[in-house]
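Have a look at the structure below before the remarks.
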Amino acid sequence: MILPDTPAPEGSGAALLAPTVPQQTFGDFPLREPVLRAIADLGWTHPTEIQAEALPPLLDGQDVAGQAQTGSGKTAAFGIPIVNRLTHGLLPGAIILVPTRELCRQVTGELEKLAKYTDLRVLALYGGTRMRGQFTALEQGSDIVVGTPGRVLDHLGRGTLRVDAVKFVVLDEADEMLDIGFAEDVENILRRTPRARQTALFSATIPGWVQRLIRRYQRNPRHIAITPDQATVATVEQRYYEVAERDKLEGFLSLEDEFGRDARLIIFRRMQVGVDRLARDLTHAGWLVQALHGGMAQVDRTRTIDAFRRGDLRVLIATNVAARGLDIPDVTHVVNYDIPQNPEEYIHRIGRTARAGKAGVAMTFVGEWDNDFLEAIQAQTGGALQPATLPLYAR
Ligand code: AMP
């Protein structure tokens with residue numbers, strides 16, 4: 001988007017730092033007053049890049065296919081137009097499909113904040129919780145439904161959720177929905193919504209199935225790509241450490257001084273058992289840590305994420321799936337204790353840090369059999385990972 005060029009304000013030190021092209025503000029968009037007030041309460045002044053690109057077409061009623069990750073501000077990019085457009089009614093006017101329960105809760109939370117000064121009701125529909133409360137909320141009239149495809153389809157089958165009045169459909173993290181096995185459910189739901197709907201799709205990567213979704217279910221969408229470089233990766237300091245498989249624990253512990261007291265870490269492992277084992281080992285070493293993976297009961301996952309978000313818990317050990325789409329502010333370090341198996345996974349993982357322009361560090365352990373994975377990641381990121389030596393080996 002091209003912005004008008006006006007001089008930076010004079011007479012303040014800030015002028016030196018002021019961008020040569022002044023940034024837009026939310027007041028530049030045709031938004032209703034309650035929406036602008038909610039945005040102001042959130043403390044946001046300028047739209048993020050994806051918002052600047054996606055808000056105009058979405059507010060104008062067009063479809064958008066956006067390539068953007070968590071951390072780019074994409075939730076508000078679709079949330080603001082939805083809240084701006086809908087009025088309270090008996091049947092849902094918007095359906096937002098997301099891959100995981102955690103993302104469902106997070107998106108619901110953000111939509112509630114944006115809808116704070118409207119009478120719109122937001123409802124989260126995800127599995128692993130009792131359906132009774134969801135029935136009641138649906139009966140009483142929910143305007144914006146945020147759900148995982150399985151649970152949404154379940155309600156559609158029972159007739160407890162009706163989508164005939166839906167004006168707005170969002171597919172959030174479409175590639176993740178494919179990976180988790182929701183492809184068919186997503187298409188089933190899309191086919192039941194009115195043809196005259198507006199459809200926004202967001203995905204970090206665009207595999208074949210996502211391309212087909214765009215072709216089949218969107219109308220002349222505006223394509224927007226926010227590359228990871230611009231979205232998050234640029235502010236993440238990326239390092240890799242060569243480490244023998246059997247030295248990983250000791251090597252990790254030798255990094256303790258690097259983290260500092262205020263660190264907030266997510267450590268990624270490939271397998272649930274690996275997560276559990278590392279949680280046990282670190283606990284033995286005197287660390288306060290908790291595990292997060294799909295094998296845990298939903299209540300425990302929720303409790304862990306809440307503790308992490310509040311800052312009571314500073315070290316989270318997670319599998320990819322459990323951490324997908326999570327927005328946890330101020331994560332200072334992402335540690336790839338097991339190297340990601342492909343570049344997309346790497347970009348997803350390191351997207352947990354350096355949120356909304358804050359600096360972060362991503363540390364990747366490269367074991368003796370991991371060189372192919374490292375090469376693939378380096379090729380995709382343009383060699384963004386710098387070699388570093390574990391203090392364990394430097395002694
Ligand atoms: P998301 O990519 O939607 O998960 O958003 C990442 C984080 O950025 C969330 O914590 C949002 O609350 C925050 N955020 C979204 N839009 C803005 C904005 N315009 N200014 C500052 N922070 C924002």
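Quick note on naming: the chains in the structure tokens go A, B, ... in the order shown, residues restart at 1 in each chain, and ligands are numbered from 1 in order of appearance.
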
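Among all protein and nucleic acid residues, the ones that lie within 6 Å of ligand 1 when counting only C-alpha atoms and all ligand atoms are Trp44, His46, Pro47, Thr48, Thr70, Gly71, Ser72, Gly73, Lys74, Thr75, Ala76, Asp327 and Ala356 of chain A.
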
Restricting the output to N, CA, C and O atoms, write the selected residues as a PDB file, in the first residue's frame.
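Wrote it out as out.pdb, contents follow:
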```
ATOM      1  N   TRP A  44      -3.383  -0.441  20.558  1.00  0.00           N
ATOM      2  CA  TRP A  44      -2.796  -0.504  19.215  1.00  0.00           C
ATOM      3  C   TRP A  44      -2.952   0.850  18.541  1.00  0.00           C
ATOM      4  O   TRP A  44      -4.035   1.437  18.558  1.00  0.00           O
ATOM      5  N   HIS A  46      -0.989   1.608  15.271  1.00  0.00           N
ATOM      6  CA  HIS A  46      -0.845   1.413  13.825  1.00  0.00           C
ATOM      7  C   HIS A  46      -1.216  -0.008  13.439  1.00  0.00           C
ATOM      8  O   HIS A  46      -0.925  -0.947  14.178  1.00  0.00           O
ATOM      9  N   PRO A  47      -1.804  -0.168  12.271  1.00  0.00           N
ATOM     10  CA  PRO A  47      -2.057  -1.529  11.797  1.00  0.00           C
ATOM     11  C   PRO A  47      -0.737  -2.234  11.473  1.00  0.00           C
ATOM     12  O   PRO A  47       0.220  -1.576  11.060  1.00  0.00           O
ATOM     13  N   THR A  48      -0.700  -3.525  11.662  1.00  0.00           N
ATOM     14  CA  THR A  48       0.470  -4.286  11.224  1.00  0.00           C
ATOM     15  C   THR A  48       0.374  -4.417   9.705  1.00  0.00           C
ATOM     16  O   THR A  48      -0.644  -4.058   9.098  1.00  0.00           O
ATOM     17  N   THR A  70       1.104 -16.637  12.542  1.00  0.00           N
ATOM     18  CA  THR A  70       0.770 -16.128  13.858  1.00  0.00           C
ATOM     19  C   THR A  70       1.854 -15.135  14.249  1.00  0.00           C
ATOM     20  O   THR A  70       3.022 -15.354  13.967  1.00  0.00           O
ATOM     21  N   GLY A  71       1.439 -14.051  14.870  1.00  0.00           N
ATOM     22  CA  GLY A  71       2.414 -13.037  15.240  1.00  0.00           C
ATOM     23  C   GLY A  71       2.363 -11.843  14.298  1.00  0.00           C
ATOM     24  O   GLY A  71       2.885 -10.783  14.595  1.00  0.00           O
ATOM     25  N   SER A  72       1.696 -12.035  13.156  1.00  0.00           N
ATOM     26  CA  SER A  72       1.631 -10.953  12.173  1.00  0.00           C
ATOM     27  C   SER A  72       0.463 -10.011  12.455  1.00  0.00           C
ATOM     28  O   SER A  72       0.359  -8.951  11.858  1.00  0.00           O
ATOM     29  N   GLY A  73      -0.421 -10.420  13.356  1.00  0.00           N
ATOM     30  CA  GLY A  73      -1.616  -9.628  13.623  1.00  0.00           C
ATOM     31  C   GLY A  73      -2.784 -10.040  12.736  1.00  0.00           C
ATOM     32  O   GLY A  73      -3.732  -9.290  12.525  1.00  0.00           O
ATOM     33  N   LYS A  74      -2.754 -11.270  12.240  1.00  0.00           N
ATOM     34  CA  LYS A  74      -3.789 -11.697  11.284  1.00  0.00           C
ATOM     35  C   LYS A  74      -5.154 -11.866  11.954  1.00  0.00           C
ATOM     36  O   LYS A  74      -6.170 -11.711  11.293  1.00  0.00           O
ATOM     37  N   THR A  75      -5.177 -12.179  13.231  1.00  0.00           N
ATOM     38  CA  THR A  75      -6.471 -12.354  13.892  1.00  0.00           C
ATOM     39  C   THR A  75      -7.304 -11.076  13.793  1.00  0.00           C
ATOM     40  O   THR A  75      -8.486 -11.106  13.453  1.00  0.00           O
ATOM     41  N   ALA A  76      -6.664  -9.953  14.091  1.00  0.00           N
ATOM     42  CA  ALA A  76      -7.394  -8.690  13.991  1.00  0.00           C
ATOM     43  C   ALA A  76      -7.662  -8.321  12.534  1.00  0.00           C
ATOM     44  O   ALA A  76      -8.658  -7.653  12.234  1.00  0.00           O
ATOM     45  N   ASP A 327      -0.455 -17.854  20.639  1.00  0.00           N
ATOM     46  CA  ASP A 327       0.133 -16.530  20.734  1.00  0.00           C
ATOM     47  C   ASP A 327       0.448 -16.250  22.180  1.00  0.00           C
ATOM     48  O   ASP A 327      -0.425 -16.005  22.990  1.00  0.00           O
ATOM     49  N   ALA A 356       5.219  -9.186  17.282  1.00  0.00           N
ATOM     50  CA  ALA A 356       4.911  -7.773  17.059  1.00  0.00           C
ATOM     51  C   ALA A 356       6.151  -6.901  17.237  1.00  0.00           C
ATOM     52  O   ALA A 356       6.173  -5.931  17.973  1.00  0.00           O
TER      53      ALA A 356
END
```

Worksheet item: Residues at most 7 Å from A:Ile350, counting only C-alpha atoms, excluding those fewer than 4 positions away in the same chain, as a ChimeraX atom specification?
Response: /A:334,346,362

Using 7 Å as the limit and counting only C-alpha atoms, can you tabulate each residue of stretch 255-283 of chain A that touches stretch 290-294 of chain A, with its shortest atom-to-atom distance in Å and the two atoms involved, as a tab-separated table?
```
residue	atom	partner	partner_atom	distance
A:Gln272	CA	A:His293	CA	6.1
A:Val275	CA	A:Ala291	CA	6.2
A:Asp276	CA	A:Ala291	CA	6.4
A:Ala279	CA	A:Ala291	CA	6.1
```

Same residues, N, CA and C atoms, output as a CSV table (one decimal), in the first residue's frame:
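What landed in result_35.csv:
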```csv
chain,number,residue,atom,x,y,z
A,272,GLN,N,5.9,-36.8,21.9
A,272,GLN,CA,5.3,-36.6,23.3
A,272,GLN,C,6.2,-37.2,24.3
A,275,VAL,N,9.1,-35.0,25.1
A,275,VAL,CA,8.6,-33.8,25.9
A,275,VAL,C,8.5,-34.2,27.4
A,276,ASP,N,7.9,-35.4,27.6
A,276,ASP,CA,7.8,-35.8,29.0
A,276,ASP,C,9.1,-36.1,29.7
A,279,ALA,N,10.9,-32.9,30.4
A,279,ALA,CA,10.3,-32.2,31.6
A,279,ALA,C,10.8,-32.9,32.9
```

Worksheet item: Which value, in Å to one decimal, gives the distance between atom CA of A:Thr304 and atom CA of A:Glu112?
Response: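 A separation of 21.9 Å between them.
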
Each residue of stretch 197-232 of chain A with at least one atom at most 12 Å from stretch 98-104 of chain A should appear once, together with its nearest atom pair and the corresponding distance in Å (one decimal); atoms considered: only C-alpha atoms; ordering: chain, then increasing residue number; output as CSV.
```
residue,atom,partner,partner_atom,distance
A:Leu201,CA,A:Val98,CA,10.6
A:Phe202,CA,A:Val98,CA,10.1
A:Ser203,CA,A:Val98,CA,10.7
```

Surrounding residues of A:Ala165 excluding itself and chain neighbours under 2 positions, 9 Å, only C-alpha atoms, as a compact mmCIF listing (two decimals) with N, CA, C and O atoms, in the first residue's frame:
```txt
# COMPACT_ATOMS: atom_id res chain seq x y z
N LEU A 91 -29.00 -15.99 14.61
CA LEU A 91 -28.12 -16.99 14.00
C LEU A 91 -26.73 -16.40 13.79
O LEU A 91 -26.59 -15.20 13.56
N PRO A 92 -25.71 -17.26 13.85
CA PRO A 92 -24.34 -16.76 13.66
C PRO A 92 -24.15 -16.09 12.29
O PRO A 92 -24.64 -16.58 11.28
N GLY A 93 -23.45 -14.97 12.30
CA GLY A 93 -23.15 -14.25 11.06
C GLY A 93 -21.74 -14.52 10.59
O GLY A 93 -21.39 -14.20 9.45
N ALA A 94 -20.92 -15.10 11.46
CA ALA A 94 -19.53 -15.39 11.06
C ALA A 94 -19.08 -16.71 11.67
O ALA A 94 -19.40 -17.02 12.82
N ARG A 162 -26.64 -23.52 13.11
CA ARG A 162 -27.12 -23.26 11.75
C ARG A 162 -26.24 -22.22 11.10
O ARG A 162 -25.85 -21.25 11.71
N VAL A 163 -25.91 -22.48 9.83
CA VAL A 163 -25.00 -21.56 9.15
C VAL A 163 -25.69 -20.84 7.99
O VAL A 163 -25.03 -20.21 7.17
N LYS A 167 -22.46 -14.71 6.91
CA LYS A 167 -22.02 -13.75 5.88
C LYS A 167 -20.52 -13.81 5.69
O LYS A 167 -19.99 -13.35 4.70
N THR A 193 -22.40 -23.43 3.88
CA THR A 193 -22.63 -21.99 4.13
C THR A 193 -23.16 -21.33 2.86
O THR A 193 -22.94 -21.84 1.76
N PRO A 194 -23.86 -20.21 2.99
CA PRO A 194 -24.44 -19.55 1.81
C PRO A 194 -23.37 -19.15 0.80
O PRO A 194 -22.27 -18.78 1.18
```

Worksheet item: Which residues, written as a PyMOL selection string, have at least one atom at most 12 Å from A:Glu176, with only C-alpha atoms counted and residues fewer than 6 positions away on the same chain left out?
Response: chain A and resi 69-70+97-100+103+148-149+182-183+186+202-207+209-210+320-325+344-345+348

Residues of stretch 255-326 of chain A that have any atom at most 12 Å from an atom of stretch 364-380 of chain A: could you tabulate them with the shortest-distance atom pair and the distance in Å to one decimal, using only C-alpha atoms, ordered by chain and increasing number, as a tab-separated table?
```
residue	atom	partner	partner_atom	distance
A:Leu255	CA	A:Phe365	CA	11.8
A:Ile266	CA	A:Thr364	CA	11.9
A:Ile267	CA	A:Thr364	CA	9.8
A:Phe268	CA	A:Thr364	CA	9.5
A:Arg269	CA	A:Phe365	CA	10.6
```

Quick one: write out the picked residues with all heavy atoms as a short mmCIF file (atom, residue, chain, number, x, y, z; two decimals), in the first residue's frame?
```cif
data_model
loop_
_atom_site.label_atom_id
_atom_site.label_comp_id
_atom_site.auth_asym_id
_atom_site.auth_seq_id
_atom_site.Cartn_x
_atom_site.Cartn_y
_atom_site.Cartn_z
N LEU A 255 23.54 -23.71 28.77
CA LEU A 255 23.08 -22.42 28.21
C LEU A 255 22.40 -21.54 29.26
O LEU A 255 21.99 -20.42 28.95
CB LEU A 255 22.09 -22.67 27.07
CG LEU A 255 22.65 -23.15 25.73
CD1 LEU A 255 21.53 -23.66 24.84
CD2 LEU A 255 23.39 -22.01 25.05
N ILE A 266 10.22 -21.44 25.12
CA ILE A 266 9.51 -22.63 24.67
C ILE A 266 10.55 -23.58 24.08
O ILE A 266 11.34 -23.19 23.23
CB ILE A 266 8.45 -22.33 23.60
CG1 ILE A 266 7.42 -21.34 24.14
CG2 ILE A 266 7.73 -23.62 23.20
CD1 ILE A 266 6.26 -21.10 23.20
N ILE A 267 10.55 -24.79 24.60
CA ILE A 267 11.47 -25.81 24.09
C ILE A 267 10.64 -26.80 23.28
O ILE A 267 9.65 -27.36 23.79
CB ILE A 267 12.16 -26.56 25.25
CG1 ILE A 267 12.80 -25.56 26.22
CG2 ILE A 267 13.19 -27.54 24.71
CD1 ILE A 267 13.31 -26.21 27.50
N PHE A 268 11.04 -26.99 22.03
CA PHE A 268 10.28 -27.91 21.18
C PHE A 268 10.94 -29.27 21.08
O PHE A 268 12.15 -29.37 20.92
CB PHE A 268 10.16 -27.34 19.76
CG PHE A 268 9.17 -26.24 19.66
CD1 PHE A 268 9.58 -24.93 19.52
CD2 PHE A 268 7.81 -26.51 19.71
CE1 PHE A 268 8.66 -23.91 19.43
CE2 PHE A 268 6.88 -25.48 19.60
CZ PHE A 268 7.31 -24.19 19.46
N ARG A 269 10.09 -30.29 21.16
CA ARG A 269 10.57 -31.64 20.89
C ARG A 269 9.61 -32.28 19.89
O ARG A 269 8.48 -31.86 19.72
CB ARG A 269 10.62 -32.46 22.17
CG ARG A 269 11.65 -31.94 23.16
CD ARG A 269 12.39 -33.04 23.86
NE ARG A 269 13.19 -33.82 22.93
CZ ARG A 269 13.93 -34.87 23.31
NH1 ARG A 269 13.93 -35.26 24.58
NH2 ARG A 269 14.64 -35.54 22.43
#
```

Worksheet item: Looking only at the backbone, which of the residues in stretch 103-215 of chain A does DSSP tag as strand (DSSP E or B), as a ChimeraX atom specification?
Response: /A:122-125,144-147,168-171,198-203
